[in-house]
Amino acid sequence: MIDPKLLRTAADEVASNLARRNFDFDAAGYKRLEEQRKSLQVDVETLRSERNASAKNIGKAKARGEDITPLLASVESLGSKLEEADKALAALQAEIRDVELGLPNLLHDDVPVGNDEEANKEVLRWGEPRKFDFEALDHVDIGAGLGSLDFDAAARISGSRFAVMQGSLARLQRALIQLMLDTHTAEHGYKEVYVPYLVQSEALFGTGQLPKFENDQFKTTDDPPFYLIPTAEVPVTNLVRDSITEAGELPLKYVAHTPCFRSEAGSYGRDTRGMIRQHQFEKVELVQMVEPGESDAALEALTGHAEAILQKLELPYRKVILCSGDIGFGSHKTYDLEVWLPGQKAYREISSCSNYGDFQARRMQARWRNPETGKPELLHTLNGSGVAAGRALVAVLENYQEKDGSVTVPDALWPYMAGQKKLSP
RNA sequence: GGAGAGGUGGCAGAGCGGUUGAAUGCACUGGUCUUGAAAACCAGCAAGGGUUAGUAGCCCUUCGUGGGUUCAAAUCCCACCCUCUCCGCCA
């Protein structure tokens, strides 16, 4: 959520920033609603003040043993008037809130303007895509050759966009997750957390998936419903919901491994082959809560932590800044890491690292105590995949495939593979 | 699943229809004392919103959440959520 004070005082500047996203913010309409709200709220508070004063007088009169009937008569009409005005105010406030919840975050100056991923700005490439002396297969064929990646079985159980993995391949994914968790906890200073995979709607409002992206979520039929987390970002970031963190405890750095569940509504026909885009996938997520002045630097560091995983696995990747048309709804600035997939002869997203500024913190009322003012102030939140395990598995299979159909285990995963250095058919 | 207890400020914990935004303690901040520190003592210390040039005043809201009773609710009534204890069951 954007600071309502900023919306009131600088609606036109906000509108022009959001225009870079091709988002049309009706600044004039917002101002109109705000003015109505202002005068209504003054009315309501004046009435309420009158009521409070009368009630106090009645109390005093009663204490003195006086007759209070004339006083009661004088406040008779106050109640209904107040109730009416209060209702109108509540309706107006809800309307304004809906507008505010629907506004995407302001963009960082670094974010390039553009309509789609074509306009994303590449900032670096790491590693050389390997030259194959045979026709490189994609992970679907490699997995089939190994006999351990089964989409048909998954389809019988759950339909499309699911996978079944067996044996060494299943273990390889677990090894990837282990490597990531160990690296982030031991080398990058993150605290490992285990969190719920089912959350209430409030948590999703806090991180910004709701109300706008209801259709992307899976939810249960309970009342109230549970939502399956689309990313660990949701439960982990909500750890600081409605809380005040002392300055000395910042930055908070959490890493969590969770499955992620996405309906993928609206992406019919995209990445239908293989396990690039699944309803369920494993991910290791990095989350930071930092002082507002630190978030730019924290984004660089956090992205570097995700890059370290790809470097350990010696997977070629490139790093891009998402442009205004491709960046997420709540993000202030986002780096995507795209790993080289020989089967597709393309770089594909494997991590997305974002600085949310105070956007999520405002929705969650997540604050820290600023020692300079002594007051609780909104902190900044960041998150990034460190990295998506399912896609990392795809990348390992495709980049480490051999002519005979086997797959070499990257050195970094040896400690987690019980001595197995090769996956063979 | 059965029985009971409880949800109040950063934390602990009183209050149980009117002067309580809320006693007290801890923590925190400032001061006195001290060579310095500790201790002791004194003082201050919730958040959100409105109005405003204002971090000044004034006003409104907030004692788990939502409804209700009342001129007036942290206090009474109803529903729901959550936590804790005991029993049962279970991974």
# chains A, B, ... in the order shown; residues from 1 in each chain; ligands from 1

$ interface_residues --of "chain A" --to "chain B" --cutoff "8 Å" --atoms "only C-alpha atoms (C1' of nucleotides)" --output "mmCIF file with C-alpha atoms, in the first residue's frame"
data_model
loop_
_atom_site.group_PDB
_atom_site.id
_atom_site.type_symbol
_atom_site.label_atom_id
_atom_site.label_comp_id
_atom_site.auth_asym_id
_atom_site.auth_seq_id
_atom_site.Cartn_x
_atom_site.Cartn_y
_atom_site.Cartn_z
ATOM 1 C CA LYS A 38 -12.567 14.662 5.402
ATOM 2 C CA GLN A 41 -15.194 12.521 9.380
ATOM 3 C CA VAL A 42 -15.210 15.967 10.961
ATOM 4 C CA GLU A 45 -16.222 13.277 15.291
ATOM 5 C CA THR A 46 -18.032 16.455 16.265
ATOM 6 C CA ARG A 48 -19.289 11.898 18.906
ATOM 7 C CA SER A 49 -17.567 14.582 20.904
ATOM 8 C CA ASN A 52 -19.201 12.038 25.029
ATOM 9 C CA SER A 54 -23.219 14.919 27.426
ATOM 10 C CA ALA A 55 -22.661 11.446 28.786
ATOM 11 C CA LYS A 56 -20.023 12.841 31.085
ATOM 12 C CA ILE A 58 -25.103 13.104 32.953
ATOM 13 C CA GLY A 59 -22.718 11.040 34.986
ATOM 14 C CA LYS A 60 -21.687 14.025 37.046
ATOM 15 C CA LEU A 72 -31.507 12.760 28.678
ATOM 16 C CA VAL A 75 -29.296 14.007 23.782
ATOM 17 C CA GLU A 76 -32.189 11.987 22.415
ATOM 18 C CA ILE A 244 7.413 -3.584 16.674
#

$ residues_around --residues "A:Leu397" --least-positions-apart "3" --cutoff "9 Å" --atoms "only C-alpha atoms (C1' of nucleotides)" --output "list of chain:residue names"
A:Asp138, A:His139, A:Ile142, A:Gly143, A:Ala392, A:Leu393, A:Val394, A:Tyr400, A:Gln401, A:Val407, A:Thr408, A:Val409

$ select_by_dssp --residues "stretch 53-188 of chain A" --states "strand (DSSP E or B)" --output "MDAnalysis selection string"
chainID A and resid 121:126 149:150 164:165

$ residues_around --residues "B:U75" --least-positions-apart "6" --cutoff "9 Å" --atoms "only C-alpha atoms (C1' of nucleotides)" --output "number ranges by chain"
B: 15-17

$ residues_around --residues "A:Glu246" --least-positions-apart "4" --cutoff "9 Å" --atoms "only C-alpha atoms (C1' of nucleotides)" --output "list of chain:residue names"
A:Leu250, A:Arg367, A:Trp368, A:Arg369, A:Asn370, A:Pro371

$ select_by_dssp --residues "stretch 56-172 of chain A" --states "helix (DSSP H, G or I)" --output "PyMOL selection string"
chain A and resi 56-63+69-74+78-101+117-119+139-146+151-158+167-172

$ closest_residue --among "A:Gln344, A:Thr231, A:Ser16, A:Thr303" --to "A:Asn399" --atoms "only C-alpha atoms"
A:Gln344

$ atom_distance --atom1 "atom CA of A:Leu315" --atom2 "atom CA of A:Gly127"
6.9 Å

$ closest_residue --among "A:Ser331, A:Gln36, A:Gln288, A:Ser424" --to "A:Ala301" --atoms "only C-alpha atoms"
A:Gln288

$ residues_around --residues "A:Ala19" --least-positions-apart "6" --cutoff "12 Å" --atoms "only C-alpha atoms (C1' of nucleotides)" --output "mmCIF file with N, CA, C and O atoms, in the first residue's frame"
data_model
loop_
_atom_site.group_PDB
_atom_site.id
_atom_site.type_symbol
_atom_site.label_atom_id
_atom_site.label_comp_id
_atom_site.auth_asym_id
_atom_site.auth_seq_id
_atom_site.Cartn_x
_atom_site.Cartn_y
_atom_site.Cartn_z
ATOM 1 N N ASP A 12 -0.699 13.675 -7.869
ATOM 2 C CA ASP A 12 -0.294 13.743 -9.271
ATOM 3 C C ASP A 12 1.073 13.102 -9.498
ATOM 4 O O ASP A 12 1.294 12.426 -10.502
ATOM 5 N N GLU A 13 1.984 13.295 -8.542
ATOM 6 C CA GLU A 13 3.304 12.656 -8.653
ATOM 7 C C GLU A 13 3.158 11.134 -8.600
ATOM 8 O O GLU A 13 3.812 10.413 -9.347
ATOM 9 N N PHE A 25 -3.936 5.782 -12.421
ATOM 10 C CA PHE A 25 -4.446 6.195 -11.115
ATOM 11 C C PHE A 25 -5.239 7.489 -11.280
ATOM 12 O O PHE A 25 -4.698 8.509 -11.706
ATOM 13 N N ASP A 26 -6.497 7.432 -10.927
ATOM 14 C CA ASP A 26 -7.380 8.584 -11.078
ATOM 15 C C ASP A 26 -7.173 9.539 -9.895
ATOM 16 O O ASP A 26 -7.892 9.493 -8.899
ATOM 17 N N ALA A 27 -6.160 10.392 -10.034
ATOM 18 C CA ALA A 27 -5.790 11.288 -8.941
ATOM 19 C C ALA A 27 -6.927 12.238 -8.580
ATOM 20 O O ALA A 27 -7.205 12.469 -7.403
ATOM 21 N N LEU A 103 -3.755 -0.207 -5.557
ATOM 22 C CA LEU A 103 -2.640 0.516 -6.169
ATOM 23 C C LEU A 103 -1.346 -0.274 -6.058
ATOM 24 O O LEU A 103 -0.990 -0.728 -4.976
ATOM 25 N N PRO A 104 -0.611 -0.433 -7.158
ATOM 26 C CA PRO A 104 0.696 -1.088 -7.085
ATOM 27 C C PRO A 104 1.708 -0.167 -6.417
ATOM 28 O O PRO A 104 1.432 1.010 -6.194
ATOM 29 N N ASN A 105 2.863 -0.741 -6.109
ATOM 30 C CA ASN A 105 3.884 0.060 -5.416
ATOM 31 C C ASN A 105 4.519 1.082 -6.362
ATOM 32 O O ASN A 105 4.544 0.895 -7.580
ATOM 33 N N LEU A 106 5.047 2.140 -5.788
ATOM 34 C CA LEU A 106 5.825 3.117 -6.551
ATOM 35 C C LEU A 106 7.102 2.452 -7.042
ATOM 36 O O LEU A 106 7.664 1.590 -6.366
ATOM 37 N N LEU A 107 7.563 2.869 -8.207
ATOM 38 C CA LEU A 107 8.763 2.269 -8.784
ATOM 39 C C LEU A 107 10.025 3.014 -8.378
ATOM 40 O O LEU A 107 10.041 4.240 -8.256
ATOM 41 N N VAL A 113 11.673 1.695 -18.027
ATOM 42 C CA VAL A 113 10.296 1.746 -18.501
ATOM 43 C C VAL A 113 10.149 0.840 -19.717
ATOM 44 O O VAL A 113 11.015 0.823 -20.597
ATOM 45 N N GLY A 114 9.103 0.060 -19.752
ATOM 46 C CA GLY A 114 8.867 -0.832 -20.879
ATOM 47 C C GLY A 114 7.611 -1.623 -20.657
ATOM 48 O O GLY A 114 7.086 -1.664 -19.546
ATOM 49 N N ASN A 115 7.113 -2.258 -21.721
ATOM 50 C CA ASN A 115 5.832 -2.944 -21.628
ATOM 51 C C ASN A 115 5.924 -4.401 -21.199
ATOM 52 O O ASN A 115 5.027 -4.915 -20.563
ATOM 53 N N SER A 324 9.256 -1.742 -15.958
ATOM 54 C CA SER A 324 8.010 -1.305 -15.324
ATOM 55 C C SER A 324 6.803 -2.138 -15.730
ATOM 56 O O SER A 324 5.845 -2.237 -14.972
ATOM 57 N N GLY A 325 6.865 -2.773 -16.902
ATOM 58 C CA GLY A 325 5.728 -3.577 -17.341
ATOM 59 C C GLY A 325 5.794 -5.013 -16.869
ATOM 60 O O GLY A 325 4.798 -5.737 -16.936
#
